[in-house]
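S.K.: One structure, as structure tokens, below. Some questions next.
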Amino acid sequence: MNKKIIIINGPNLNLLGQREDDIYGKDSLDTIKNKCEILGKSKKIEITFFQSNNEGEIINKIHEVEKFYDGLVINPAAFTHTSVAILDSLRALNKPKIEIHLSNIYSREEYRKKSITSEGVHGLICGFGANSYILGIEAISNLIYN
Ligand code: DQA
């Protein structure tokens, strides 16, 4: 049977492709979604893609993971650096979970060098542009199938 994962995207990621493309690349979120779905098919993983600019909606979606999905890949975007509430919801989740970022948050401004949310996940991938999503799926697939 196919496994199911969800990829959750935080605030402003709906603007990918138009937003600071020197940092985040030229791919739109839809293009990244298509690339993820192609990889998912080859790995027998059904992928749901979700984006919200709203912290509460992201938390509600993380709560759904326990019941409806086998794993979570999350780019919490700016909430990475601020949200203890998202960290708590990640800590409460007993499923494989990976945090990803397009940019290398450790090579940027001081306020981006701390990821609060990554304390609640199995691992963190950052700095590979849109490929961070692909690597995130590879990582979650290893955790799900092992
Ligand atoms: C980001 C990094 C965050 O610091 C930033 O707020 C984002 C995108 C990334 O994918 O590189 O919105 O999560």
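Ligands are numbered from 1 in the order shown, chains are lettered A, B, ... in the order of the structure tokens, and residues start at 1 in each chain.
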Contacts of range 82-99 of chain A at 10 Å or less, counting only C-alpha atoms, minus same-chain residues fewer than 2 places along, as a ChimeraX atom specification?
M.R.: /A:5-8,55-56,58-67,69-80,101,111-112,114-126,132-133,135-137,139-144
S.K.: Let me see the file: selected residues, C-alpha atoms, as a short mmCIF file (atom, residue, chain, number, x, y, z; two decimals), in the first residue's frame.
M.R.:
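Output contents, as saved in part.cif:
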data_model
loop_
_atom_site.label_atom_id
_atom_site.label_comp_id
_atom_site.auth_asym_id
_atom_site.auth_seq_id
_atom_site.Cartn_x
_atom_site.Cartn_y
_atom_site.Cartn_z
CA ILE A 5 2.95 12.28 3.55
CA ILE A 6 2.09 15.93 3.82
CA ILE A 7 4.41 18.81 2.96
CA ILE A 8 3.43 21.88 4.98
CA GLU A 55 0.12 29.96 12.35
CA GLY A 56 -3.09 28.42 13.72
CA ILE A 58 -0.43 25.24 10.29
CA ILE A 59 -0.83 23.91 13.82
CA ASN A 60 -4.24 22.40 12.99
CA LYS A 61 -2.71 20.72 9.95
CA ILE A 62 0.15 19.28 12.05
CA HIS A 63 -2.52 17.84 14.39
CA GLU A 64 -4.07 16.00 11.42
CA VAL A 65 -0.81 14.24 10.60
CA GLU A 66 -1.12 11.68 13.44
CA LYS A 67 -4.40 10.39 12.04
CA TYR A 69 -0.47 10.63 7.24
CA ASP A 70 2.65 8.49 7.64
CA GLY A 71 5.03 11.43 7.83
CA LEU A 72 5.53 15.17 7.66
CA VAL A 73 7.91 17.44 5.77
CA ILE A 74 7.61 21.05 6.92
CA ASN A 75 9.06 24.37 5.84
CA PRO A 76 7.76 26.62 8.64
CA ALA A 77 9.32 29.68 6.88
CA ALA A 78 9.55 32.67 9.25
CA PHE A 79 7.69 30.76 12.01
CA THR A 80 10.87 28.63 12.24
CA HIS A 101 14.47 25.27 4.10
CA TYR A 111 17.83 36.08 13.75
CA ARG A 112 17.51 33.24 11.21
CA LYS A 114 18.08 29.78 15.47
CA SER A 115 15.45 27.25 14.43
CA ILE A 116 13.02 26.81 17.32
CA THR A 117 10.87 24.37 15.36
CA SER A 118 13.73 22.00 14.46
CA GLU A 119 13.89 20.95 18.12
CA GLY A 120 10.68 19.02 17.41
CA VAL A 121 11.72 17.10 14.26
CA HIS A 122 13.98 14.17 13.42
CA GLY A 123 16.24 16.17 11.13
CA LEU A 124 16.79 19.37 9.21
CA ILE A 125 17.75 19.95 5.57
CA CYS A 126 18.57 23.45 4.38
CA SER A 132 15.71 20.74 -0.22
CA TYR A 133 12.14 19.52 -0.87
CA LEU A 135 15.99 15.70 -0.20
CA GLY A 136 13.26 16.07 2.42
CA ILE A 137 11.15 13.46 0.63
CA ALA A 139 14.78 11.55 4.12
CA ILE A 140 11.17 11.00 5.15
CA SER A 141 10.91 8.00 2.84
CA ASN A 142 13.90 6.41 4.63
CA LEU A 143 12.25 7.02 8.00
CA ILE A 144 8.84 5.72 6.85
#
S.K.: How many Å lie between atom 10 (O, counted along the ligand's line) of ligand 1 and CA of Leu39 in chain A, rounded to one decimal?
M.R.: 19.5 Å
S.K.: Using only C-alpha atoms and all ligand atoms, can you tell me which of A:His81, A:Gln51, A:Lys33, A:Asn131 comes closest to ligand 1?
M.R.: A:His81
S.K.: Need to verify the contact set: Lys43 in chain A, 10 Å, only C-alpha atoms, exclusion of same-chain residues closer than 3 positions in sequence. Can you return it as number ranges by chain?
M.R.: A: 2-3, 37-40, 46, 137-138, 141
S.K.: Write out the residues from the selection above, keeping all heavy atoms, as a PDB file, in the first residue's frame.
M.R.:
ATOM      1  N   ASN A   2       0.433   2.266  -0.758  1.00  0.00           N
ATOM      2  CA  ASN A   2       1.179   3.524  -0.783  1.00  0.00           C
ATOM      3  C   ASN A   2       1.203   4.187   0.588  1.00  0.00           C
ATOM      4  O   ASN A   2       0.255   4.093   1.343  1.00  0.00           O
ATOM      5  CB  ASN A   2       0.536   4.510  -1.760  1.00  0.00           C
ATOM      6  CG  ASN A   2       0.923   4.211  -3.193  1.00  0.00           C
ATOM      7  OD1 ASN A   2       1.572   3.207  -3.474  1.00  0.00           O
ATOM      8  ND2 ASN A   2       0.534   5.077  -4.089  1.00  0.00           N
ATOM      9  N   LYS A   3       2.312   4.863   0.872  1.00  0.00           N
ATOM     10  CA  LYS A   3       2.391   5.688   2.090  1.00  0.00           C
ATOM     11  C   LYS A   3       1.920   7.091   1.739  1.00  0.00           C
ATOM     12  O   LYS A   3       1.947   7.503   0.577  1.00  0.00           O
ATOM     13  CB  LYS A   3       3.833   5.740   2.592  1.00  0.00           C
ATOM     14  CG  LYS A   3       4.403   4.378   2.968  1.00  0.00           C
ATOM     15  CD  LYS A   3       3.835   3.898   4.269  1.00  0.00           C
ATOM     16  CE  LYS A   3       4.531   2.631   4.724  1.00  0.00           C
ATOM     17  NZ  LYS A   3       3.948   2.091   5.958  1.00  0.00           N
ATOM     18  N   GLU A  37       5.650  15.694  -6.501  1.00  0.00           N
ATOM     19  CA  GLU A  37       4.674  14.651  -6.842  1.00  0.00           C
ATOM     20  C   GLU A  37       5.283  13.609  -7.776  1.00  0.00           C
ATOM     21  O   GLU A  37       5.002  12.413  -7.653  1.00  0.00           O
ATOM     22  CB  GLU A  37       3.431  15.289  -7.470  1.00  0.00           C
ATOM     23  CG  GLU A  37       2.573  15.920  -6.383  1.00  0.00           C
ATOM     24  CD  GLU A  37       1.444  16.799  -6.922  1.00  0.00           C
ATOM     25  OE1 GLU A  37       1.408  17.065  -8.146  1.00  0.00           O
ATOM     26  OE2 GLU A  37       0.619  17.235  -6.107  1.00  0.00           O
ATOM     27  N   ILE A  38       6.149  14.060  -8.696  1.00  0.00           N
ATOM     28  CA  ILE A  38       6.812  13.112  -9.609  1.00  0.00           C
ATOM     29  C   ILE A  38       7.687  12.153  -8.797  1.00  0.00           C
ATOM     30  O   ILE A  38       7.631  10.931  -8.974  1.00  0.00           O
ATOM     31  CB  ILE A  38       7.638  13.867 -10.681  1.00  0.00           C
ATOM     32  CG1 ILE A  38       6.682  14.588 -11.628  1.00  0.00           C
ATOM     33  CG2 ILE A  38       8.568  12.932 -11.440  1.00  0.00           C
ATOM     34  CD1 ILE A  38       7.341  15.602 -12.551  1.00  0.00           C
ATOM     35  N   LEU A  39       8.470  12.714  -7.869  1.00  0.00           N
ATOM     36  CA  LEU A  39       9.321  11.850  -7.037  1.00  0.00           C
ATOM     37  C   LEU A  39       8.460  10.936  -6.162  1.00  0.00           C
ATOM     38  O   LEU A  39       8.756   9.743  -6.004  1.00  0.00           O
ATOM     39  CB  LEU A  39      10.247  12.706  -6.148  1.00  0.00           C
ATOM     40  CG  LEU A  39      11.141  11.920  -5.209  1.00  0.00           C
ATOM     41  CD1 LEU A  39      12.136  11.058  -6.000  1.00  0.00           C
ATOM     42  CD2 LEU A  39      11.908  12.841  -4.258  1.00  0.00           C
ATOM     43  N   GLY A  40       7.395  11.494  -5.622  1.00  0.00           N
ATOM     44  CA  GLY A  40       6.498  10.707  -4.764  1.00  0.00           C
ATOM     45  C   GLY A  40       5.968   9.486  -5.491  1.00  0.00           C
ATOM     46  O   GLY A  40       5.967   8.378  -4.949  1.00  0.00           O
ATOM     47  N   GLU A  46       2.193   9.013  -1.617  1.00  0.00           N
ATOM     48  CA  GLU A  46       1.181   9.998  -2.017  1.00  0.00           C
ATOM     49  C   GLU A  46       1.450  11.297  -1.261  1.00  0.00           C
ATOM     50  O   GLU A  46       1.572  11.267  -0.028  1.00  0.00           O
ATOM     51  CB  GLU A  46      -0.178   9.431  -1.607  1.00  0.00           C
ATOM     52  CG  GLU A  46      -1.346  10.004  -2.321  1.00  0.00           C
ATOM     53  CD  GLU A  46      -2.612   9.327  -1.816  1.00  0.00           C
ATOM     54  OE1 GLU A  46      -2.722   8.077  -1.956  1.00  0.00           O
ATOM     55  OE2 GLU A  46      -3.448  10.024  -1.229  1.00  0.00           O
ATOM     56  N   ILE A 137      11.958  14.654   0.954  1.00  0.00           N
ATOM     57  CA  ILE A 137      11.152  13.459   0.635  1.00  0.00           C
ATOM     58  C   ILE A 137      12.012  12.201   0.740  1.00  0.00           C
ATOM     59  O   ILE A 137      11.575  11.168   1.257  1.00  0.00           O
ATOM     60  CB  ILE A 137      10.522  13.587  -0.779  1.00  0.00           C
ATOM     61  CG1 ILE A 137       9.516  14.737  -0.773  1.00  0.00           C
ATOM     62  CG2 ILE A 137       9.830  12.291  -1.191  1.00  0.00           C
ATOM     63  CD1 ILE A 137       9.023  15.128  -2.159  1.00  0.00           C
ATOM     64  N   GLU A 138      13.264  12.287   0.260  1.00  0.00           N
ATOM     65  CA  GLU A 138      14.183  11.137   0.388  1.00  0.00           C
ATOM     66  C   GLU A 138      14.348  10.775   1.873  1.00  0.00           C
ATOM     67  O   GLU A 138      14.285   9.604   2.255  1.00  0.00           O
ATOM     68  CB  GLU A 138      15.570  11.463  -0.189  1.00  0.00           C
ATOM     69  CG  GLU A 138      15.611  11.715  -1.690  1.00  0.00           C
ATOM     70  CD  GLU A 138      15.481  10.432  -2.517  1.00  0.00           C
ATOM     71  OE1 GLU A 138      15.470   9.337  -1.937  1.00  0.00           O
ATOM     72  OE2 GLU A 138      15.353  10.571  -3.751  1.00  0.00           O
ATOM     73  N   SER A 141      11.155   9.334   3.381  1.00  0.00           N
ATOM     74  CA  SER A 141      10.906   8.003   2.840  1.00  0.00           C
ATOM     75  C   SER A 141      11.781   6.967   3.564  1.00  0.00           C
ATOM     76  O   SER A 141      11.327   5.871   3.899  1.00  0.00           O
ATOM     77  CB  SER A 141      11.138   8.059   1.336  1.00  0.00           C
ATOM     78  OG  SER A 141      11.721   6.919   0.857  1.00  0.00           O
TER      79      SER A 141
END
S.K.: Write out as a VMD selection string the set of residues from range 5-101 of chain A that DSSP, computed on the backbone, places in strand (DSSP E or B).
M.R.: chain A and resid 5 to 9 45 to 51 71 to 75 97 to 101
S.K.: Using only C-alpha atoms and all ligand atoms, can you tell me which of A:Ile32, A:Ile23, A:Met1, A:Ile134 comes closest to ligand 1?
M.R.: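 Distance minimum relative to ligand 1 lands on A:Ile23.
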S.K.: Measuring atom to atom with only C-alpha atoms and all ligand atoms, identify which of A:Asn146, A:Asn104, A:Asn53, A:Asn34 is nearest to ligand 1.
M.R.: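 Closest residue, counting only C-alpha atoms and all ligand atoms: A:Asn104.
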S.K.: I need the alpha helix (DSSP H) residues of chain A per DSSP on the backbone, written as a VMD selection string.
M.R.: chain A and resid 21 to 24 29 to 42 55 to 68 84 to 91 131 to 145
S.K.: Hey, which of A:Lys4, A:Gln18, A:Ile105, A:Pro11 ends up closest to Lys44 in chain A? Count only C-alpha atoms.
M.R.: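 Nearest candidate to Lys44 in chain A out of A:Lys4, A:Gln18, A:Ile105, A:Pro11: A:Lys4.
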